[in-house]
Each structure stands twice: as C-alpha cells, then as structure tokens.
>>> print(open('data-v5.tsv').read())   # TSV, C-alpha atoms
chain	number	residue	atom	x	y	z
A	1	MET	CA	6.97	-11.10	-12.73
A	2	THR	CA	10.03	-10.57	-14.93
A	3	GLY	CA	12.69	-13.14	-13.88
A	4	ARG	CA	10.94	-14.33	-10.71
A	5	ARG	CA	14.26	-14.64	-9.03
A	6	LEU	CA	15.36	-18.04	-7.69
A	7	THR	CA	14.81	-18.82	-4.01
A	8	SER	CA	14.45	-16.99	-0.73
A	9	LEU	CA	17.64	-18.64	0.57
A	10	LEU	CA	19.67	-17.38	-2.38
A	11	ALA	CA	18.09	-13.94	-1.90
A	12	TYR	CA	19.28	-13.99	1.71
A	13	VAL	CA	22.84	-14.93	0.80
A	14	THR	CA	23.13	-12.40	-2.01
A	15	THR	CA	21.65	-9.58	0.04
A	16	ALA	CA	24.02	-10.28	2.91
A	17	ALA	CA	26.99	-10.45	0.56
A	18	THR	CA	26.27	-7.01	-0.86
A	19	GLY	CA	26.04	-5.53	2.64
A	20	ALA	CA	22.34	-4.68	2.47
A	21	SER	CA	20.43	-4.82	5.71
A	22	LEU	CA	17.92	-7.60	6.26
A	23	LEU	CA	14.33	-6.92	7.23
A	24	THR	CA	14.77	-8.61	10.59
A	25	GLY	CA	17.16	-5.89	11.70
A	26	CYS	CA	18.39	-2.46	10.78
A	27	GLY	CA	21.45	-1.73	8.69
A	28	VAL	CA	22.91	0.57	6.04
A	29	LEU	CA	23.40	0.05	2.35
A	30	PRO	CA	26.94	0.76	1.15
A	31	GLY	CA	27.25	3.81	-1.07
A	32	ALA	CA	28.84	4.21	-4.45
A	33	THR	CA	29.29	7.96	-4.43
A	34	GLY	CA	31.97	10.34	-3.26
A	35	GLY	CA	32.55	14.08	-3.20
A	36	SER	CA	31.81	16.72	-0.61
A	37	ARG	CA	28.08	16.11	-0.30
A	38	GLU	CA	26.95	14.27	2.81
A	39	PRO	CA	24.99	11.00	2.58
A	40	VAL	CA	21.21	11.05	2.97
A	41	THR	CA	20.02	8.50	5.55
A	42	VAL	CA	16.40	7.36	5.54
A	43	MET	CA	14.45	4.43	7.00
A	44	THR	CA	11.84	2.05	5.61
A	45	TRP	CA	9.97	-0.30	7.93
A	46	ALA	CA	7.33	-2.99	7.52
A	47	PRO	CA	6.13	-6.10	9.34
A	48	ASP	CA	7.61	-9.47	8.42
A	49	GLN	CA	6.94	-13.03	9.58
A	50	THR	CA	3.93	-12.08	11.70
A	51	ARG	CA	0.48	-13.68	11.93
A	52	ALA	CA	-1.22	-10.70	10.28
A	53	THR	CA	-0.32	-8.68	7.16
A	54	ASN	CA	3.36	-8.83	6.15
A	55	MET	CA	5.09	-6.48	3.72
A	56	PRO	CA	8.70	-7.62	3.24
A	57	GLY	CA	8.76	-6.24	-0.29
A	58	MET	CA	8.68	-2.64	0.93
A	59	PRO	CA	12.11	-2.56	2.66
A	60	ALA	CA	13.46	-4.77	-0.13
A	61	MET	CA	12.27	-2.25	-2.74
A	62	ALA	CA	13.90	0.55	-0.72
A	63	GLN	CA	17.21	-1.33	-0.83
A	64	THR	CA	16.81	-1.91	-4.56
A	65	PHE	CA	16.10	1.79	-5.15
A	66	ALA	CA	19.23	2.73	-3.19
A	67	ARG	CA	21.43	0.37	-5.21
A	68	TRP	CA	20.06	1.86	-8.42
A	69	VAL	CA	20.34	5.53	-7.47
A	70	ASN	CA	23.80	5.09	-5.93
A	71	SER	CA	25.02	3.41	-9.11
A	72	GLN	CA	24.19	6.70	-10.84
A	73	GLY	CA	26.04	8.92	-8.35
A	74	GLY	CA	23.34	9.11	-5.68
A	75	ILE	CA	20.57	11.68	-5.37
A	76	GLY	CA	22.01	14.98	-6.54
A	77	GLY	CA	25.43	13.75	-5.50
A	78	HIS	CA	24.27	12.41	-2.12
A	79	GLU	CA	24.78	8.73	-1.35
A	80	LEU	CA	21.41	7.26	-0.31
A	81	ARG	CA	21.65	5.12	2.83
A	82	VAL	CA	18.62	3.00	3.68
A	83	LEU	CA	17.94	1.68	7.16
A	84	THR	CA	15.36	-1.12	7.41
A	85	CYS	CA	13.37	-2.32	10.40
A	86	ASN	CA	10.84	-5.06	11.17
A	87	GLU	CA	7.78	-3.27	12.56
A	88	GLN	CA	6.37	-6.64	13.75
A	89	ASN	CA	2.73	-5.52	13.43
A	90	SER	CA	2.90	-4.32	17.03
A	91	ILE	CA	2.81	-1.05	18.93
A	92	ALA	CA	6.16	-1.83	20.53
A	93	GLY	CA	7.71	-2.73	17.19
A	94	ALA	CA	6.49	0.45	15.49
A	95	ALA	CA	7.73	2.63	18.34
A	96	ALA	CA	11.12	0.86	18.34
A	97	CYS	CA	11.57	1.43	14.61
A	98	ALA	CA	10.69	5.11	14.97
A	99	ARG	CA	13.11	5.56	17.86
A	100	ARG	CA	15.81	3.84	15.80
A	101	ALA	CA	15.18	6.29	12.95
A	102	VAL	CA	15.69	9.17	15.40
A	103	ARG	CA	18.89	7.69	16.87
A	104	GLU	CA	20.35	7.02	13.43
A	105	LYS	CA	19.54	10.61	12.37
A	106	ALA	CA	17.31	9.60	9.47
A	107	VAL	CA	16.04	12.62	7.55
A	108	ALA	CA	12.84	10.83	6.52
A	109	VAL	CA	10.90	7.60	6.87
A	110	VAL	CA	9.93	6.54	3.36
A	111	GLY	CA	7.55	3.97	1.85
A	112	SER	CA	6.70	2.09	5.04
A	113	TYR	CA	3.81	0.01	6.42
A	114	SER	CA	2.37	0.16	9.92
A	115	GLN	CA	-1.11	0.12	11.42
A	116	ASN	CA	0.27	1.63	14.63
A	117	GLY	CA	0.27	5.29	13.71
A	118	ARG	CA	0.21	6.74	17.19
A	119	ALA	CA	3.21	4.64	18.21
A	120	PHE	CA	5.47	5.78	15.38
A	121	MET	CA	4.27	9.32	14.62
A	122	ALA	CA	4.93	10.75	18.09
A	123	PRO	CA	8.70	10.02	18.05
A	124	LEU	CA	8.97	11.21	14.44
A	125	GLU	CA	7.10	14.44	15.16
A	126	ALA	CA	9.24	15.13	18.23
A	127	ALA	CA	12.36	14.81	16.06
A	128	GLY	CA	10.85	16.67	13.07
A	129	ILE	CA	11.26	13.66	10.75
A	130	PRO	CA	8.83	13.57	7.79
A	131	TYR	CA	6.91	10.38	6.94
A	132	ILE	CA	6.75	10.10	3.14
A	133	GLY	CA	4.46	7.70	1.35
A	134	GLY	CA	3.37	5.32	4.07
A	135	TYR	CA	1.10	2.54	2.90
A	136	GLY	CA	-2.02	4.44	3.92
A	137	ILE	CA	-3.32	2.04	6.56
A	138	ALA	CA	-3.03	4.21	9.71
A	139	GLU	CA	-5.22	7.25	10.29
A	140	ASP	CA	-2.26	9.19	11.71
A	141	GLU	CA	-0.75	9.14	8.21
A	142	PHE	CA	-3.62	11.43	7.17
A	143	THR	CA	-3.62	13.79	10.16
A	144	SER	CA	0.02	14.45	11.13
A	145	PRO	CA	1.51	17.63	9.62
A	146	LEU	CA	4.73	15.67	9.03
A	147	SER	CA	3.04	12.96	6.97
A	148	TYR	CA	3.04	13.16	3.17
A	149	PRO	CA	0.85	10.32	1.81
A	150	VAL	CA	1.15	9.40	-1.87
A	151	ASN	CA	-2.25	7.71	-2.06
A	152	GLY	CA	-5.66	8.15	-0.50
A	153	GLY	CA	-5.19	5.23	1.85
A	154	VAL	CA	-7.77	2.61	2.67
A	155	ALA	CA	-10.37	5.39	2.95
A	156	SER	CA	-10.18	6.19	-0.76
A	157	LEU	CA	-9.99	2.53	-1.73
A	158	VAL	CA	-13.08	1.50	0.20
A	159	ALA	CA	-15.13	4.58	-0.77
A	160	GLY	CA	-14.16	4.01	-4.39
A	161	HIS	CA	-14.97	0.33	-4.07
A	162	GLY	CA	-18.52	1.22	-3.11
A	163	MET	CA	-18.77	3.25	-6.31
A	164	GLN	CA	-17.37	0.36	-8.33
A	165	LEU	CA	-19.83	-2.15	-6.86
A	166	ALA	CA	-22.90	0.08	-7.03
A	167	ASP	CA	-23.42	-0.53	-10.75
A	168	SER	CA	-23.10	-4.32	-10.58
A	169	CYS	CA	-24.33	-5.50	-7.17
A	170	GLU	CA	-27.82	-5.33	-5.70
A	171	LYS	CA	-26.73	-6.44	-2.22
A	172	VAL	CA	-23.25	-6.22	-0.71
A	173	SER	CA	-21.75	-7.99	2.29
A	174	LEU	CA	-18.57	-6.45	3.74
A	175	VAL	CA	-16.19	-8.61	5.79
A	176	ARG	CA	-13.63	-6.41	7.52
A	177	PRO	CA	-11.28	-6.43	10.54
A	178	ASP	CA	-12.85	-6.16	13.96
A	179	THR	CA	-10.51	-3.30	14.88
A	180	THR	CA	-10.76	0.43	15.45
A	181	SER	CA	-9.55	1.18	11.92
A	182	GLY	CA	-11.88	-1.50	10.56
A	183	ASP	CA	-14.86	0.18	12.19
A	184	ARG	CA	-14.61	3.04	9.68
A	185	LEU	CA	-14.82	0.81	6.60
A	186	PRO	CA	-18.62	0.26	6.49
A	187	GLU	CA	-19.26	4.02	6.49
A	188	LEU	CA	-16.76	4.53	3.68
A	189	LEU	CA	-18.13	1.69	1.56
A	190	ASP	CA	-21.67	2.96	2.08
A	191	SER	CA	-20.64	6.46	1.00
A	192	GLY	CA	-19.67	4.97	-2.36
A	193	LEU	CA	-22.78	2.84	-2.64
A	194	ARG	CA	-24.95	5.88	-1.97
A	195	LYS	CA	-23.65	7.50	-5.16
A	196	ALA	CA	-26.01	5.16	-7.00
A	197	SER	CA	-28.79	5.33	-4.36
A	198	HIS	CA	-27.73	1.85	-3.28
A	199	GLN	CA	-28.77	0.23	0.00
A	200	ARG	CA	-26.16	-0.07	2.74
A	201	ALA	CA	-23.78	-3.02	2.89
A	202	VAL	CA	-24.12	-5.74	5.52
A	203	ASP	CA	-21.28	-5.25	8.03
A	204	ILE	CA	-19.52	-8.46	9.14
A	205	PRO	CA	-16.56	-7.90	11.52
A	206	ALA	CA	-13.92	-10.64	11.73
A	207	LEU	CA	-10.60	-11.26	13.45
A	208	GLU	CA	-7.82	-10.14	11.12
A	209	ASP	CA	-5.48	-12.99	12.13
A	210	SER	CA	-7.95	-15.89	12.09
A	211	ALA	CA	-6.96	-19.23	10.55
A	212	GLU	CA	-10.38	-19.71	8.94
A	213	TYR	CA	-13.58	-17.74	8.28
A	214	THR	CA	-16.27	-20.33	7.62
A	215	GLU	CA	-18.88	-18.66	9.84
A	216	GLN	CA	-18.29	-15.20	8.35
A	217	ALA	CA	-18.19	-16.59	4.80
A	218	ASP	CA	-21.53	-18.35	5.24
A	219	ARG	CA	-23.14	-15.26	6.71
A	220	ALA	CA	-21.71	-13.01	4.01
A	221	ARG	CA	-22.99	-15.25	1.19
A	222	THR	CA	-26.42	-15.60	2.76
A	223	ARG	CA	-26.86	-11.87	3.35
A	224	ALA	CA	-25.62	-11.01	-0.16
A	225	GLY	CA	-28.61	-12.91	-1.46
A	226	GLY	CA	-29.05	-14.46	-4.85
A	227	GLU	CA	-28.61	-12.90	-8.26
A	228	LYS	CA	-26.31	-9.85	-8.41
A	229	GLY	CA	-25.19	-10.23	-4.80
A	230	CYS	CA	-21.57	-9.36	-3.96
A	231	VAL	CA	-19.27	-10.38	-1.11
A	232	THR	CA	-16.31	-8.09	-0.49
A	233	ALA	CA	-13.54	-8.75	2.02
A	234	VAL	CA	-10.97	-6.22	3.20
A	235	LEU	CA	-8.78	-8.25	5.55
A	236	GLY	CA	-5.28	-7.54	4.29
A	237	GLU	CA	-3.21	-10.70	4.00
A	238	ARG	CA	-6.06	-12.77	5.50
A	239	THR	CA	-8.38	-11.93	2.60
A	240	GLN	CA	-7.02	-14.98	0.79
A	241	THR	CA	-7.86	-17.10	3.84
A	242	PHE	CA	-11.40	-15.72	3.89
A	243	PHE	CA	-12.07	-16.51	0.24
A	244	ASP	CA	-10.61	-19.99	0.71
A	245	SER	CA	-13.24	-20.51	3.44
A	246	PHE	CA	-15.84	-18.99	1.11
A	247	ARG	CA	-14.87	-21.40	-1.69
A	248	ARG	CA	-15.15	-24.38	0.66
A	249	LEU	CA	-18.75	-23.71	1.73
A	250	PRO	CA	-20.96	-26.77	1.10
A	251	GLU	CA	-21.99	-27.06	-2.54
A	252	GLN	CA	-25.61	-27.76	-1.75
A	253	GLU	CA	-25.93	-24.34	-0.18
A	254	LYS	CA	-24.41	-22.53	-3.13
A	255	LYS	CA	-26.07	-21.03	-6.14
A	256	PRO	CA	-23.15	-21.01	-8.59
A	257	GLY	CA	-22.58	-17.81	-10.49
A	258	THR	CA	-24.99	-15.70	-8.47
A	259	VAL	CA	-22.68	-14.19	-5.83
A	260	ARG	CA	-19.65	-12.25	-7.06
A	261	ILE	CA	-16.58	-11.52	-4.94
A	262	SER	CA	-14.55	-8.32	-4.70
A	263	SER	CA	-11.88	-6.55	-2.68
A	264	VAL	CA	-9.36	-3.71	-2.73
A	265	LEU	CA	-5.68	-3.46	-3.63
A	266	GLY	CA	-3.46	-4.80	-0.88
A	267	SER	CA	-6.05	-7.33	0.17
A	268	VAL	CA	-6.10	-8.79	-3.35
A	269	ASP	CA	-3.31	-8.11	-5.83
A	270	GLN	CA	-1.58	-9.92	-8.66
A	271	PRO	CA	0.77	-11.99	-6.44
A	272	VAL	CA	-2.24	-13.31	-4.49
A	273	ILE	CA	-4.03	-14.20	-7.73
A	274	ASP	CA	-0.91	-15.97	-9.00
A	275	ARG	CA	-0.51	-17.97	-5.78
A	276	THR	CA	-4.14	-19.10	-5.83
A	277	GLY	CA	-4.24	-20.47	-9.36
A	278	GLY	CA	-4.00	-17.60	-11.85
A	279	PRO	CA	-6.81	-18.13	-14.40
A	280	HIS	CA	-8.23	-20.84	-12.12
A	281	SER	CA	-8.03	-18.66	-9.01
A	282	PRO	CA	-11.18	-18.12	-6.94
A	283	PHE	CA	-10.63	-14.42	-7.70
A	284	GLU	CA	-11.37	-14.84	-11.40
A	285	GLY	CA	-13.98	-12.23	-12.32
A	286	ALA	CA	-13.54	-10.33	-9.03
A	287	PHE	CA	-13.84	-6.55	-8.86
A	288	VAL	CA	-10.80	-4.81	-7.32
A	289	THR	CA	-10.30	-1.12	-6.53
A	290	GLY	CA	-6.69	0.11	-6.64
A	291	TRP	CA	-4.70	3.26	-6.04
A	292	TYR	CA	-2.53	2.97	-9.11
A	293	PRO	CA	-2.71	1.75	-12.72
A	294	ALA	CA	-2.87	-2.02	-13.25
A	295	GLU	CA	0.48	-3.80	-13.01
A	296	GLY	CA	0.72	-4.25	-16.78
A	297	ASP	CA	0.42	-0.52	-17.47
A	298	ARG	CA	3.39	1.03	-19.33
A	299	SER	CA	3.84	3.65	-16.59
A	300	TRP	CA	5.40	0.94	-14.39
A	301	GLU	CA	8.17	0.19	-16.91
A	302	PRO	CA	10.87	2.34	-15.18
A	303	MET	CA	10.25	0.50	-11.89
A	304	ARG	CA	10.28	-2.90	-13.59
A	305	LYS	CA	13.61	-2.08	-15.25
A	306	VAL	CA	15.19	-1.07	-11.94
A	307	ILE	CA	13.91	-4.24	-10.25
A	308	GLN	CA	15.22	-6.42	-13.07
A	309	GLU	CA	18.69	-4.85	-12.94
A	310	PHE	CA	19.16	-4.13	-9.22
A	311	ALA	CA	16.97	-6.50	-7.17
A	312	PHE	CA	19.18	-9.40	-8.29
A	313	VAL	CA	17.72	-12.64	-6.88
A	314	ASP	CA	15.61	-10.99	-4.16
A	315	ASN	CA	12.19	-12.50	-4.80
A	316	ARG	CA	10.60	-10.23	-2.19
A	317	VAL	CA	10.58	-7.44	-4.78
A	318	ASP	CA	7.52	-8.16	-6.91
A	319	PRO	CA	6.50	-5.26	-9.20
A	320	ALA	CA	2.85	-6.34	-8.92
A	321	ASP	CA	2.86	-5.97	-5.12
A	322	ALA	CA	1.04	-2.88	-3.84
A	323	GLY	CA	3.62	-2.33	-1.10
A	324	VAL	CA	6.48	-2.43	-3.59
A	325	GLN	CA	4.62	-0.01	-5.85
A	326	THR	CA	3.94	2.42	-3.00
A	327	THR	CA	7.59	2.31	-1.94
A	328	TRP	CA	8.75	3.08	-5.49
A	329	ILE	CA	6.46	6.12	-5.63
A	330	ALA	CA	7.54	7.29	-2.15
A	331	TYR	CA	11.23	7.11	-3.07
A	332	THR	CA	10.46	8.92	-6.32
A	333	VAL	CA	9.10	11.76	-4.15
A	334	LEU	CA	12.20	11.68	-1.94
A	335	LYS	CA	14.54	11.76	-4.93
A	336	LYS	CA	12.87	14.76	-6.54
A	337	VAL	CA	12.66	16.70	-3.29
A	338	VAL	CA	16.33	16.16	-2.40
A	339	GLU	CA	17.32	17.19	-5.92
A	340	SER	CA	15.24	20.36	-5.59
A	341	ILE	CA	16.98	21.32	-2.32
A	342	ASP	CA	20.43	21.15	-3.95
A	343	GLU	CA	22.51	21.56	-0.77
A	344	ASP	CA	25.63	19.75	0.45
A	345	LYS	CA	23.81	18.63	3.60
A	346	ILE	CA	20.17	17.52	3.62
A	347	THR	CA	18.14	17.79	6.82
A	348	ALA	CA	14.70	16.56	7.83
A	349	TRP	CA	13.54	20.16	8.15
A	350	GLN	CA	14.65	20.99	4.60
A	351	ILE	CA	12.67	18.04	3.21
A	352	SER	CA	9.47	18.84	5.08
A	353	HIS	CA	9.82	22.55	4.27
A	354	ALA	CA	10.24	21.81	0.55
A	355	LEU	CA	7.12	19.65	0.59
A	356	ASP	CA	5.12	22.18	2.61
A	357	ARG	CA	6.02	25.08	0.35
A	358	GLY	CA	4.49	23.27	-2.62
A	359	GLU	CA	7.12	21.23	-4.41
A	360	ARG	CA	5.05	19.48	-7.10
A	361	ILE	CA	6.02	15.87	-7.80
A	362	ASP	CA	5.45	14.14	-11.14
A	363	THR	CA	5.33	10.35	-10.66
A	364	GLY	CA	5.25	9.48	-14.34
A	365	GLY	CA	1.52	8.78	-14.52
A	366	LEU	CA	1.40	6.43	-11.52
A	367	THR	CA	-0.55	9.06	-9.58
A	368	PRO	CA	-1.80	12.56	-10.29
A	369	SER	CA	0.94	15.12	-9.66
A	370	LEU	CA	1.48	15.32	-5.91
A	371	ARG	CA	1.66	18.49	-3.83
A	372	TRP	CA	1.03	19.02	-0.13
A	373	LYS	CA	0.23	22.73	0.15
A	374	TYR	CA	-2.72	23.58	2.37
A	375	GLU	CA	-5.06	24.15	-0.57
A	376	ASP	CA	-4.24	20.68	-1.96
A	377	LEU	CA	-5.41	18.84	1.17
A	378	LEU	CA	-8.79	17.11	0.95
A	379	GLY	CA	-9.67	18.01	4.53
A	380	ALA	CA	-11.99	15.06	5.17
A	381	PRO	CA	-12.55	14.37	8.89
A	382	GLY	CA	-9.89	11.87	9.99
A	383	PHE	CA	-8.16	12.09	6.59
A	384	THR	CA	-7.17	15.74	6.30
A	385	ARG	CA	-3.79	15.03	4.65
A	386	ILE	CA	-5.15	13.23	1.58
A	387	VAL	CA	-3.96	14.98	-1.58
A	388	ASN	CA	-4.36	12.05	-3.98
A	389	HIS	CA	-8.01	11.00	-3.91
A	390	GLU	CA	-8.08	9.15	-7.20
A	391	VAL	CA	-8.43	5.38	-7.61
A	392	THR	CA	-8.60	2.85	-10.41
A	393	PHE	CA	-11.30	0.26	-11.12
A	394	GLN	CA	-9.87	-3.14	-12.03
A	395	VAL	CA	-11.18	-6.64	-12.64
A	396	VAL	CA	-9.56	-10.10	-12.74
A	397	ARG	CA	-9.69	-11.54	-16.26
A	398	GLN	CA	-7.90	-14.75	-17.24
A	399	GLY	CA	-5.86	-14.56	-14.07
A	400	ARG	CA	-4.64	-10.98	-14.58
A	401	LEU	CA	-5.66	-7.74	-12.92
A	402	VAL	CA	-6.64	-5.40	-15.74
A	403	ALA	CA	-8.40	-2.06	-15.97
A	404	GLN	CA	-12.19	-2.30	-15.80
A	405	LYS	CA	-12.31	1.27	-17.05
A	406	PRO	CA	-9.43	3.47	-18.24
A	407	GLY	CA	-7.82	6.18	-16.15
A	408	PHE	CA	-8.45	7.38	-12.62
A	409	VAL	CA	-11.72	7.94	-10.76
A	410	ASP	CA	-11.90	10.87	-8.33
A	411	VAL	CA	-13.43	9.77	-5.02
A	412	GLY	CA	-12.74	12.95	-3.04
A	413	GLU	CA	-16.38	13.98	-2.72
A	414	THR	CA	-17.33	10.43	-1.75
A	415	VAL	CA	-14.76	10.36	1.08
A	416	LEU	CA	-15.95	13.77	2.24
A	417	SER	CA	-19.55	12.53	2.38
A	418	ALA	CA	-18.75	9.61	4.71
A	419	PRO	CA	-20.16	10.13	8.22
>>> encode(input="data-v5.tsv", output="structure tokens")
Amino acid sequence: MTGRRLTSLLAYVTTAATGASLLTGCGVLPGATGGSREPVTVMTWAPDQTRATNMPGMPAMAQTFARWVNSQGGIGGHELRVLTCNEQNSIAGAAACARRAVREKAVAVVGSYSQNGRAFMAPLEAAGIPYIGGYGIAEDEFTSPLSYPVNGGVASLVAGHGMQLADSCEKVSLVRPDTTSGDRLPELLDSGLRKASHQRAVDIPALEDSAEYTEQADRARTRAGGEKGCVTAVLGERTQTFFDSFRRLPEQEKKPGTVRISSVLGSVDQPVIDRTGGPHSPFEGAFVTGWYPAEGDRSWEPMRKVIQEFAFVDNRVDPADAGVQTTWIAYTVLKKVVESIDEDKITAWQISHALDRGERIDTGGLTPSLRWKYEDLLGAPGFTRIVNHEVTFQVVRQGRLVAQKPGFVDVGETVLSAP
C-alpha cells in the first residue's frame, strides 16, 4: 500500500499521542470544530487479537475518517466523535460493545464487524440506534429494520462465486465454517452454480479456528477431481491456514495444474496475497469474488488520499483490506446523511428516518447508489435488507487482485433462488 507505515509499536505511540482510542478499549477522538452545532458520536467495533477472524483496520479507518472530516470543520459543522470497541469475536463482547454504544449515546454504529448479530442488534434496536454498513457477516444485519447494509454480505459473495466458478470448474469442493452461518453457504454457492446447470458443490465443514486443515484439504482436492476441478475455501482469516495445508499435501498425490483454488473477498484479499508471497503466493491464478472494485481501481483514490494524509503511521489501515473499504463506504453514508439532515443536533432517530425515507447515497462508483426504501429491498428469505446485490469477479495475476471482467455483476436473482 502507499507508504506502508513503519511499525505497529510506532502506530500505538502515535495514536495514543493524538488522543485516539485504541481498539482494545473505547474512547473518543478529539474534535477540531467549534460553533453551536453539537458533536455527532458514533461507534465502530471489530474483533482484535482473537483466534478467529480479526478486523483491527475497521476501527482504525473510522478514526482516520474522523481526523480527516474534523480537519475540514466536521460533518456539516458537527464534530465527529468515534468510539471504538473490541468485539472479541464473542457473544459477550458484542453485547458489551452495543451496551457501551447505548450508554455513550451514540447516534449510530458504523462500519463494524461481528458474527454475533443477535447479541448486538437487540440493545441497538431497544435504543433506536441504526447499524450502518456492518461487514455483512451476521444474518441480523439483513433482517433488522435498523440495519442499513452497504453490501450484499456473504450471501451475495458466495452466490456470485458460484456464478464465477460455473464457467471454469467442472467439480467444486467448498470448505466452510462448521457454524450456523456456515450452514447456509453450500445452498448459496449451489444457487450460483445452477445458473450454468452445474452439479452441486461438495460440502466440507471445518472448524473456523483450527491450526491446520490437512484432512479437509486432502478431501477437498480428492473430491474436486482432476482436470478443471476447483477447491474454494470461505473460512475468513483461517482461509490462509487452509490453503497452506492444501499446499503442503504430499507431492505424489498431486496432479499439478489440474485443481484450481478460489475464495471470496474477506477470506482472500490483497494483504493476504502480499503476506503469502505476492506473485509467488499459493493464490496466484485464484478466482475471487468481491463486493467492490479491485483495490487498484481509480474509484478508491479519495480513500487512499485520506489514508495517506490522516492515518499517519497506523499500519492497520490498509486500503486493500475489505474491512477498511467497507468502513470507508459506511462513513461515506453517515457523512451524507448527516449533511442532509442539516440540524444543530443529530439524533439516532433522525438518521434512521432519513435513510428510511429514501435518502439516496452516491459512493463514487464503489457501489451502486444506495437507498433503503421498502421497494429497494431484495426481500430474500433471511436477507431481506439487501439493497446492494452486485458483486465483482476478480482473479489473482502476478500477485495482484485484478478484475476478471469489468463492472458489477447482479446476483439478486441468484440469492433469491437459494433454498
């Protein structure tokens, strides 16, 4: 990334010196605005330093956004105050963060990650606090009337991934978490494969926090078969661990070049490819389905400029990270909604009301224009709140995630057709 900023220790010191809250606790960014308009307080949470998926870049991006917008006089004259919280990948952690948001009188939770939807949505709903642009991992994000997702979640990714693989793979093995949310993934992948009259994928559940996946890797490769077989893994942060086990399978059992690997954004992204060897990464040639344009697309330039100027040495804020990207889009929504309200005091009710009445949000080409009126909702069972059901097809070439085909692919009908 541009100026891949020094070390984590230096990031810690600089962040503390500027008064920004660290991910391990909750705090408030200092403002740079004055006047009669009251500050706008929001929260961003994500897990950090856990055994499963971690997303420290999301709260860090929220802090960066606040520094940038406050340097320009705030949002419509309102100082933006960002609370952060470590969700800990646990039910108790998610509930604690939500209760903290209520106590601190946050008017929205923005750009956050949690698999524990029931734990955090109940306190937010009781307090009338909208949830804007969560990562899209919890089903409650797509059912609660106070949730405003900016992407189609894992449902759209996996359904779209089936469409992407259908043209190139004769047999597909899917390795996915052995969890309640993971149980939906085979149906969604198959709904995409069916678009090309493709046979169903082989379903291989696995622990999402395992230290190795040799048994699952061997089974996935065997069931994918020979020529034009594909192995796809959707295990979040542990996807890298799975493909490391896959790469280490005994050579005598392999047929080089016959089984292709694939995944979805968030399980495989540019930072993962960089960490695993770039052009020499095991992901070279892999198919990847994403929510947004590839990291090199010009539509990301405004975000990259803000990160370069306001993230300082915080190397958690990587513009190629899907969590960072989602947080940028979510705060873009917040900014435009608060500006549209144009009042001295901003409340949670005003924000949700503005979104419900059909405030249309232009994200600069990162998504289709976003609007959450009733007629905009996809209405798929379990995912009724999806309004953005478009994905992008990408592929890893010379160590970079690039577009396999230009533009967005609409997967709304595919998601609707899933059992």
>>> closest_atom_pairs(input="data-v5.tsv", of="region 257-376 of chain A", to="region 69-80 of chain A", cutoff="8 Å", atoms="all atoms listed in the file", output="Markdown table")
| residue | atom | partner | partner_atom | distance |
| --- | --- | --- | --- | --- |
| A:Lys335 | CA | A:Ile75 | CA | 6.0 |
| A:Val338 | CA | A:Ile75 | CA | 6.8 |
| A:Glu339 | CA | A:Gly76 | CA | 5.2 |
| A:Asp342 | CA | A:Gly76 | CA | 6.9 |
| A:Asp344 | CA | A:His78 | CA | 7.9 |
>>> closest_residue(input="data-v5.tsv", among="A:Trp68, A:Lys305, A:Leu235, A:Ala92", to="Ile137 (chain A)", atoms="all atoms listed in the file")
A:Leu235
>>> residues_around(input="data-v5.tsv", residues="Gly278 (chain A)", least_positions_apart="3", cutoff="8 Å", atoms="all atoms listed in the file", output="list in words")
Ile273, Asp274, Arg275, Ser281, Glu284, Gln398, Gly399 and Arg400 of chain A
>>> atom_distance(input="data-v5.tsv", atom1="CA of Met121 (chain A)", atom2="CA of Pro47 (chain A)")
16.4 Å
>>> atom_distance(input="data-v5.tsv", atom1="CA of Gly136 (chain A)", atom2="CA of Lys345 (chain A)")
29.5 Å
>>> closest_residue(input="data-v5.tsv", among="A:Gly365, A:Pro419, A:Pro39, A:Pro149", to="Val107 (chain A)", atoms="only C-alpha atoms")
A:Pro39
>>> residues_around(input="data-v5.tsv", residues="Gly134 (chain A)", least_positions_apart="6", cutoff="6 Å", atoms="only C-alpha atoms", output="number ranges by chain")
A: 111-113
>>> write_last_selection(input="data-v5.tsv", atoms="C-alpha atoms", output="short mmCIF file (atom, residue, chain, number, x, y, z; two decimals), keeping the file's coordinate frame")
data_model
loop_
_atom_site.label_atom_id
_atom_site.label_comp_id
_atom_site.auth_asym_id
_atom_site.auth_seq_id
_atom_site.Cartn_x
_atom_site.Cartn_y
_atom_site.Cartn_z
CA GLY A 111 7.55 3.97 1.85
CA SER A 112 6.70 2.09 5.04
CA TYR A 113 3.81 0.01 6.42
#
>>> closest_atom_pairs(input="data-v5.tsv", of="region 45-141 of chain A", to="region 348-361 of chain A", cutoff="8 Å", atoms="all atoms listed in the file", output="Markdown table")
| residue | atom | partner | partner_atom | distance |
| --- | --- | --- | --- | --- |
| A:Ala106 | CA | A:Ala348 | CA | 7.6 |
| A:Val107 | CA | A:Ala348 | CA | 4.2 |
| A:Ala108 | CA | A:Ala348 | CA | 6.2 |
| A:Gly128 | CA | A:Ala348 | CA | 6.5 |
| A:Ile129 | CA | A:Ala348 | CA | 5.4 |
| A:Pro130 | CA | A:Ser352 | CA | 6.0 |
>>> closest_residue(input="data-v5.tsv", among="A:Lys228, A:Tyr374, A:Arg385, A:Phe310", to="Arg67 (chain A)", atoms="all atoms listed in the file")
A:Phe310
